[in-house]
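Shown next: upload35.tsv, given as TSV, C-alpha atoms.
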```tsv
chain	number	residue	atom	x	y	z
K	1	MET	CA	100.20	8.80	24.51
K	2	SER	CA	99.93	12.25	26.04
K	3	PRO	CA	102.47	14.88	24.95
K	4	THR	CA	105.38	15.58	27.30
K	5	GLU	CA	104.43	19.25	27.33
K	6	LYS	CA	100.75	19.87	27.96
K	7	LYS	CA	100.15	23.23	26.32
K	8	LEU	CA	96.60	23.65	27.66
K	9	ASP	CA	97.01	22.20	31.14
K	10	GLY	CA	94.40	23.71	33.46
K	11	LYS	CA	92.51	25.44	30.65
K	12	ILE	CA	88.77	25.11	30.08
K	13	ALA	CA	87.71	24.97	26.43
K	14	LEU	CA	84.36	24.99	24.64
K	15	ILE	CA	84.39	23.38	21.19
K	16	THR	CA	81.33	23.65	18.94
K	17	GLY	CA	80.71	21.15	16.17
K	18	ALA	CA	82.67	18.61	18.22
K	19	GLY	CA	80.79	15.56	16.93
K	20	ARG	CA	83.02	14.95	13.91
K	21	GLY	CA	85.66	16.34	11.58
K	22	ILE	CA	87.70	19.31	12.74
K	23	GLY	CA	85.78	19.60	16.00
K	24	ARG	CA	86.43	15.97	16.96
K	25	ALA	CA	90.12	16.16	16.03
K	26	THR	CA	90.47	19.36	18.07
K	27	ALA	CA	88.74	17.82	21.10
K	28	VAL	CA	91.08	14.82	21.10
K	29	LEU	CA	94.18	17.01	20.68
K	30	PHE	CA	93.06	19.42	23.41
K	31	ALA	CA	92.40	16.46	25.73
K	32	GLN	CA	95.94	15.22	25.09
K	33	HIS	CA	97.21	18.65	26.07
K	34	GLY	CA	95.31	18.74	29.37
K	35	ALA	CA	92.30	20.98	28.65
K	36	ASP	CA	88.97	20.34	30.36
K	37	LEU	CA	86.39	20.14	27.58
K	38	ILE	CA	82.86	21.33	26.97
K	39	MET	CA	81.89	19.71	23.67
K	40	VAL	CA	78.71	20.58	21.82
K	41	SER	CA	77.08	19.30	18.65
K	42	ARG	CA	73.57	18.93	17.28
K	43	THR	CA	74.08	15.18	16.91
K	44	GLU	CA	74.32	13.43	20.28
K	45	PRO	CA	75.53	9.96	19.10
K	46	GLU	CA	78.53	11.53	17.34
K	47	LEU	CA	79.22	13.65	20.40
K	48	ILE	CA	79.25	10.56	22.62
K	49	GLU	CA	81.79	8.97	20.25
K	50	THR	CA	84.04	12.02	20.55
K	51	ALA	CA	83.78	11.97	24.33
K	52	GLY	CA	84.75	8.29	24.28
K	53	LEU	CA	87.96	9.15	22.44
K	54	CYS	CA	88.83	11.74	25.10
K	55	ARG	CA	88.07	9.69	28.21
K	56	GLU	CA	91.51	8.09	28.44
K	57	TYR	CA	92.98	11.45	29.43
K	58	ASP	CA	92.85	12.86	32.95
K	59	ILE	CA	90.48	15.73	32.20
K	60	ARG	CA	86.90	16.79	32.91
K	61	LEU	CA	84.44	16.23	30.07
K	62	PHE	CA	81.05	17.81	29.50
K	63	PRO	CA	79.41	16.72	26.22
K	64	LYS	CA	76.11	18.44	25.49
K	65	ALA	CA	73.78	18.23	22.49
K	66	VAL	CA	73.15	21.89	21.56
K	67	ASP	CA	72.13	23.68	18.37
K	68	VAL	CA	74.30	26.80	18.71
K	69	SER	CA	71.86	28.81	16.57
K	70	ASP	CA	69.29	28.46	19.38
K	71	GLN	CA	70.13	31.29	21.80
K	72	GLY	CA	67.91	29.87	24.53
K	73	ARG	CA	69.86	26.60	24.46
K	74	VAL	CA	73.14	28.52	24.49
K	75	ASP	CA	71.98	30.42	27.59
K	76	ILE	CA	71.30	27.12	29.35
K	77	LEU	CA	74.67	25.78	28.22
K	78	PHE	CA	76.52	28.72	29.76
K	79	LYS	CA	74.60	28.38	33.01
K	80	ASP	CA	75.82	24.78	33.11
K	81	ILE	CA	79.40	25.85	32.31
K	82	LYS	CA	79.36	28.42	35.09
K	83	LYS	CA	78.02	25.87	37.57
K	84	LYS	CA	80.43	23.07	36.60
K	85	PHE	CA	83.59	25.00	35.73
K	86	GLY	CA	83.19	28.58	36.94
K	87	ARG	CA	84.89	30.16	33.95
K	88	LEU	CA	85.81	29.66	30.29
K	89	ASP	CA	89.31	30.15	28.84
K	90	ILE	CA	89.02	29.02	25.20
K	91	LEU	CA	86.18	29.11	22.67
K	92	ILE	CA	86.44	27.28	19.34
K	93	ASN	CA	83.66	28.45	17.00
K	94	ASN	CA	83.75	25.48	14.65
K	95	ALA	CA	80.07	24.56	14.07
K	96	ALA	CA	78.95	25.49	10.56
K	97	ARG	CA	76.12	25.04	8.12
K	98	PHE	CA	76.56	24.62	4.36
K	99	SER	CA	74.31	24.55	1.33
K	100	SER	CA	75.08	25.26	-2.31
K	101	GLY	CA	73.21	26.88	-5.15
K	102	LEU	CA	73.25	30.02	-7.25
K	103	MET	CA	72.12	33.14	-5.42
K	104	GLN	CA	68.92	33.55	-7.44
K	105	GLU	CA	68.00	29.96	-6.54
K	106	SER	CA	68.77	30.19	-2.79
K	107	SER	CA	65.82	30.31	-0.42
K	108	MET	CA	65.72	33.06	2.18
K	109	ASP	CA	64.99	30.49	4.86
K	110	GLU	CA	68.17	28.52	4.14
K	111	PHE	CA	70.22	31.72	3.86
K	112	ARG	CA	68.92	32.89	7.24
K	113	LYS	CA	69.72	29.53	8.87
K	114	MET	CA	73.24	29.64	7.46
K	115	LEU	CA	73.85	33.13	8.84
K	116	GLU	CA	72.42	32.11	12.22
K	117	THR	CA	74.84	29.20	12.54
K	118	ASN	CA	77.92	30.64	10.81
K	119	VAL	CA	77.85	34.26	12.03
K	120	THR	CA	75.20	34.97	14.67
K	121	ALA	CA	76.09	31.93	16.81
K	122	PRO	CA	79.83	32.80	17.01
K	123	PHE	CA	78.83	36.40	17.84
K	124	TYR	CA	76.56	35.29	20.69
K	125	LEU	CA	78.90	32.59	21.99
K	126	SER	CA	81.72	35.13	22.08
K	127	GLN	CA	79.54	37.56	24.02
K	128	LYS	CA	78.73	34.85	26.55
K	129	MET	CA	82.35	33.80	26.88
K	130	ALA	CA	83.51	37.37	27.50
K	131	SER	CA	81.33	37.51	30.61
K	132	MET	CA	83.00	34.35	31.99
K	133	THR	CA	86.67	34.99	31.24
K	134	ASN	CA	89.09	36.05	33.95
K	135	LYS	CA	90.90	39.16	32.71
K	136	LYS	CA	94.07	38.28	34.58
K	137	ARG	CA	94.16	34.79	33.05
K	138	GLY	CA	93.10	36.00	29.62
K	139	GLY	CA	91.30	33.99	26.98
K	140	ASN	CA	91.28	32.82	23.38
K	141	ILE	CA	88.61	32.66	20.69
K	142	ILE	CA	89.38	30.82	17.46
K	143	ASN	CA	86.87	31.06	14.62
K	144	ILE	CA	86.96	28.35	11.95
K	145	SER	CA	86.21	29.86	8.57
K	146	SER	CA	86.98	28.67	5.05
K	147	PHE	CA	89.43	29.42	2.25
K	148	SER	CA	86.41	30.00	0.03
K	149	GLY	CA	85.26	32.82	2.31
K	150	CYS	CA	88.47	34.84	1.95
K	151	PHE	CA	89.09	35.59	-1.72
K	152	GLY	CA	88.66	34.30	-5.24
K	153	VAL	CA	84.94	33.61	-5.05
K	154	GLU	CA	84.91	32.84	-8.77
K	155	LYS	CA	86.72	29.61	-7.87
K	156	PHE	CA	83.76	28.39	-5.85
K	157	PRO	CA	80.64	28.54	-8.07
K	158	GLY	CA	77.43	27.94	-6.20
K	159	PHE	CA	78.97	28.68	-2.78
K	160	GLY	CA	77.64	32.26	-2.70
K	161	ALA	CA	75.51	32.17	0.44
K	162	TYR	CA	78.11	30.14	2.35
K	163	ASN	CA	80.91	32.50	1.25
K	164	ILE	CA	78.90	35.51	2.44
K	165	SER	CA	78.54	33.96	5.88
K	166	LYS	CA	82.28	33.27	6.08
K	167	TYR	CA	83.15	36.80	4.98
K	168	GLY	CA	80.93	37.92	7.84
K	169	LEU	CA	82.84	35.68	10.26
K	170	TRP	CA	86.12	37.25	9.15
K	171	GLY	CA	84.71	40.69	9.95
K	172	LEU	CA	83.52	39.46	13.33
K	173	THR	CA	87.01	38.09	14.07
K	174	GLU	CA	88.66	41.45	13.38
K	175	ILE	CA	86.12	43.47	15.37
K	176	LEU	CA	86.21	41.15	18.37
K	177	ALA	CA	90.02	41.17	18.33
K	178	LEU	CA	89.91	44.94	18.63
K	179	GLU	CA	87.13	45.25	21.19
K	180	PHE	CA	88.12	42.27	23.36
K	181	LYS	CA	91.73	43.41	23.69
K	182	GLU	CA	90.86	45.29	26.87
K	183	LEU	CA	89.42	42.03	28.26
K	184	ASN	CA	92.72	40.24	27.50
K	185	ILE	CA	90.97	37.92	25.06
K	186	ARG	CA	92.80	37.13	21.83
K	187	VAL	CA	90.63	36.44	18.76
K	188	ASN	CA	91.97	34.76	15.63
K	189	GLN	CA	90.63	32.84	12.64
K	190	ILE	CA	91.68	29.82	10.60
K	191	SER	CA	90.54	29.51	6.98
K	192	PRO	CA	91.44	26.07	5.61
K	193	SER	CA	91.03	24.89	2.05
K	194	GLY	CA	89.42	21.49	1.51
K	195	VAL	CA	89.41	19.37	4.67
K	196	GLU	CA	88.61	15.64	4.73
K	197	THR	CA	85.17	16.01	6.33
K	198	LYS	CA	81.58	15.07	5.54
K	199	MET	CA	80.79	18.74	4.80
K	200	PHE	CA	83.59	18.87	2.23
K	201	HIS	CA	82.36	15.78	0.39
K	202	ASP	CA	78.78	17.05	0.50
K	203	ALA	CA	79.96	20.26	-1.18
K	204	VAL	CA	82.23	19.06	-4.00
K	205	PRO	CA	82.04	16.55	-6.87
K	206	PRO	CA	82.97	12.95	-6.01
K	207	ASP	CA	86.35	13.10	-7.78
K	208	VAL	CA	87.63	16.11	-5.80
K	209	THR	CA	90.07	15.32	-2.99
K	210	ALA	CA	90.75	17.32	0.16
K	211	ASP	CA	94.07	19.08	0.78
K	212	LEU	CA	94.03	18.78	4.57
K	213	SER	CA	93.10	16.35	7.32
K	214	PRO	CA	91.08	17.45	10.38
K	215	GLU	CA	94.16	16.69	12.49
K	216	GLN	CA	96.28	19.16	10.52
K	217	VAL	CA	93.73	21.91	11.16
K	218	ALA	CA	93.51	20.92	14.84
K	219	GLU	CA	97.27	21.41	15.21
K	220	LYS	CA	96.92	25.01	14.02
K	221	ILE	CA	93.96	25.55	16.38
K	222	LEU	CA	96.13	24.30	19.25
K	223	TYR	CA	98.82	26.79	18.26
K	224	LEU	CA	96.37	29.69	18.39
K	225	ALA	CA	94.79	28.49	21.65
K	226	SER	CA	98.13	28.12	23.44
K	227	ASP	CA	100.70	30.64	24.60
K	228	ASP	CA	102.85	29.69	21.59
K	229	SER	CA	100.95	32.23	19.48
K	230	ALA	CA	100.86	35.10	22.01
K	231	PRO	CA	100.35	38.00	21.55
K	232	LEU	CA	98.82	37.34	18.10
K	233	THR	CA	95.26	38.60	17.69
K	234	GLY	CA	93.06	39.60	14.76
K	235	ALA	CA	94.85	37.22	12.38
K	236	ASN	CA	93.28	35.13	9.63
K	237	ILE	CA	95.52	32.13	8.97
K	238	MET	CA	94.84	30.46	5.62
K	239	LEU	CA	95.75	26.78	5.29
K	240	GLN	CA	96.04	24.85	2.06
```

The structure given in the file should be rewritten as structure tokens.
Amino acid sequence: MSPTEKKLDGKIALITGAGRGIGRATAVLFAQHGADLIMVSRTEPELIETAGLCREYDIRLFPKAVDVSDQGRVDILFKDIKKKFGRLDILINNAARFSSGLMQESSMDEFRKMLETNVTAPFYLSQKMASMTNKKRGGNIINISSFSGCFGVEKFPGFGAYNISKYGLWGLTEILALEFKELNIRVNQISPSGVETKMFHDAVPPDVTADLSPEQVAEKILYLASDDSAPLTGANIMLQ
């Protein structure tokens, strides 16, 4: 059942990594709150499943299989967004890449791919969004980071390359919050601890349990994307 108060009614949101986990939970919650959705993921079958969960709501849906680390594909995506929607109000940079291993064992190719997905893609997507946001209406960018990329790296052995990319995302969040203020775009970050997702279980031993559900993280994303959190910008909200 749709909420009585639709906090994103009339908004247009782009969610990356929308095929599963946090991205899927966010898409469903945003649909309940009235947002038109552009949903992207590398895996089309999962994306179609997410779209199916959102179709019961009276919104426009545009699912598109896109690897956000491919700038050419992102350019095409934004041409489609401009043609179909005319603007973009909300960007959720949720897509991420993970691999583990000690730094001396990490390949440069895998490290580069992780940076391209976890840092460069949010940078480029944010640039593209800024050119399509109405200054009078304002906009929101929410970057999804990780508790492991904030502090206490000794608690996460073998996560070195991933942590570096998430530290970089935190820096990007703060810089964009400062520079996009004149565009009336708020930029914030969420850094959850373990979330019940495939990525989490790929990263930890089998006996380790997650602290959070994707739906719990999605609720905090909704808070940052809505007027409830105004005028907050430049924040890094840690969830555990």

Find the nearest atom pair between each residue of range 16-48 of chain K and range 175-195 of chain K for residues within 12 Å, count all atoms listed in the file, give distances in Å to one decimal, sort rows by chain and ascending number, and present the table as CSV.
```
residue,atom,partner,partner_atom,distance
K:Gly21,CA,K:Val195,CA,8.4
K:Ile22,CA,K:Val195,CA,8.2
K:Gly23,CA,K:Val195,CA,11.9
K:Ala25,CA,K:Val195,CA,11.8
```

Using all atoms listed in the file, which of the listed residues (K:Asn236, K:Ser41, K:Ser145, K:Ser226) sits closest to Ile164 in chain K?
K:Ser145

Pick from K:Asp75, K:Phe85, K:Ile92, K:Ser165 nearest to Phe30 in chain K, counting only C-alpha atoms
K:Ile92

Hey, can you pull every residue with an atom no more than 12 Å from (77.4, 25.7, 25.2), using all atoms listed in the file, and send it as a PyMOL selection string?
chain K and resi 13-18+37-42+62-82+88+91-93+95+121-122+124-126+128-129

Output for the residues just chosen: C-alpha atoms as a PDB file, in the frame of the given file:
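Output saved as result_27.pdb:
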```
ATOM      1  CA  ALA K  13      87.710  24.970  26.430  1.00  0.00           C
ATOM      2  CA  LEU K  14      84.360  24.990  24.640  1.00  0.00           C
ATOM      3  CA  ILE K  15      84.390  23.380  21.190  1.00  0.00           C
ATOM      4  CA  THR K  16      81.330  23.650  18.940  1.00  0.00           C
ATOM      5  CA  GLY K  17      80.710  21.150  16.170  1.00  0.00           C
ATOM      6  CA  ALA K  18      82.670  18.610  18.220  1.00  0.00           C
ATOM      7  CA  LEU K  37      86.390  20.140  27.580  1.00  0.00           C
ATOM      8  CA  ILE K  38      82.860  21.330  26.970  1.00  0.00           C
ATOM      9  CA  MET K  39      81.890  19.710  23.670  1.00  0.00           C
ATOM     10  CA  VAL K  40      78.710  20.580  21.820  1.00  0.00           C
ATOM     11  CA  SER K  41      77.080  19.300  18.650  1.00  0.00           C
ATOM     12  CA  ARG K  42      73.570  18.930  17.280  1.00  0.00           C
ATOM     13  CA  PHE K  62      81.050  17.810  29.500  1.00  0.00           C
ATOM     14  CA  PRO K  63      79.410  16.720  26.220  1.00  0.00           C
ATOM     15  CA  LYS K  64      76.110  18.440  25.490  1.00  0.00           C
ATOM     16  CA  ALA K  65      73.780  18.230  22.490  1.00  0.00           C
ATOM     17  CA  VAL K  66      73.150  21.890  21.560  1.00  0.00           C
ATOM     18  CA  ASP K  67      72.130  23.680  18.370  1.00  0.00           C
ATOM     19  CA  VAL K  68      74.300  26.800  18.710  1.00  0.00           C
ATOM     20  CA  SER K  69      71.860  28.810  16.570  1.00  0.00           C
ATOM     21  CA  ASP K  70      69.290  28.460  19.380  1.00  0.00           C
ATOM     22  CA  GLN K  71      70.130  31.290  21.800  1.00  0.00           C
ATOM     23  CA  GLY K  72      67.910  29.870  24.530  1.00  0.00           C
ATOM     24  CA  ARG K  73      69.860  26.600  24.460  1.00  0.00           C
ATOM     25  CA  VAL K  74      73.140  28.520  24.490  1.00  0.00           C
ATOM     26  CA  ASP K  75      71.980  30.420  27.590  1.00  0.00           C
ATOM     27  CA  ILE K  76      71.300  27.120  29.350  1.00  0.00           C
ATOM     28  CA  LEU K  77      74.670  25.780  28.220  1.00  0.00           C
ATOM     29  CA  PHE K  78      76.520  28.720  29.760  1.00  0.00           C
ATOM     30  CA  LYS K  79      74.600  28.380  33.010  1.00  0.00           C
ATOM     31  CA  ASP K  80      75.820  24.780  33.110  1.00  0.00           C
ATOM     32  CA  ILE K  81      79.400  25.850  32.310  1.00  0.00           C
ATOM     33  CA  LYS K  82      79.360  28.420  35.090  1.00  0.00           C
ATOM     34  CA  LEU K  88      85.810  29.660  30.290  1.00  0.00           C
ATOM     35  CA  LEU K  91      86.180  29.110  22.670  1.00  0.00           C
ATOM     36  CA  ILE K  92      86.440  27.280  19.340  1.00  0.00           C
ATOM     37  CA  ASN K  93      83.660  28.450  17.000  1.00  0.00           C
ATOM     38  CA  ALA K  95      80.070  24.560  14.070  1.00  0.00           C
ATOM     39  CA  ALA K 121      76.090  31.930  16.810  1.00  0.00           C
ATOM     40  CA  PRO K 122      79.830  32.800  17.010  1.00  0.00           C
ATOM     41  CA  TYR K 124      76.560  35.290  20.690  1.00  0.00           C
ATOM     42  CA  LEU K 125      78.900  32.590  21.990  1.00  0.00           C
ATOM     43  CA  SER K 126      81.720  35.130  22.080  1.00  0.00           C
ATOM     44  CA  LYS K 128      78.730  34.850  26.550  1.00  0.00           C
ATOM     45  CA  MET K 129      82.350  33.800  26.880  1.00  0.00           C
TER      46      MET K 129
END
```

Which residues come within 8 Å of Arg137 in chain K, counting only C-alpha atoms, excluding same-chain residues fewer than 3 positions away, as a compact mmCIF listing (two decimals) with C-alpha atoms, in the frame of the given file?
```
# COMPACT_ATOMS: atom_id res chain seq x y z
CA ASP K 89 89.31 30.15 28.84
CA THR K 133 86.67 34.99 31.24
CA ASN K 134 89.09 36.05 33.95
CA ASN K 184 92.72 40.24 27.50
```

What gap, in Å, lies between CA of Leu115 in chain K and CA of Gly171 in chain K?
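Separating CA of Leu115 in chain K from CA of Gly171 in chain K is a distance of 13.3 Å.
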
In Å, how far is it from CA of Gly160 in chain K to CA of Asn94 in chain K?
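That distance, rounded to one decimal, is 19.6 Å.
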
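Going from CA of Met132 in chain K to CA of Pro231 in chain K covers 20.6 Å.
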
Would you mind telling me which residue in K:Lys11, K:Lys6, K:His33, K:Arg87 lies nearest to Ser131 in chain K when using only C-alpha atoms?
K:Arg87

Can you work out which one of K:Lys220, K:Ala230, K:Ser107, K:Phe98 has the shortest atom-to-atom distance to Lys166 in chain K, counting only C-alpha atoms?
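Going through K:Lys220, K:Ala230, K:Ser107, K:Phe98 one by one, the smallest distance to Lys166 in chain K is for K:Phe98.
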
Could you check the closest approach to Glu219 in chain K for each of K:Leu239, K:Ile48, K:Cys150, K:Ala130 and tell me which residue wins, using only C-alpha atoms?
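Smallest distance to Glu219 in chain K is found for K:Leu239.
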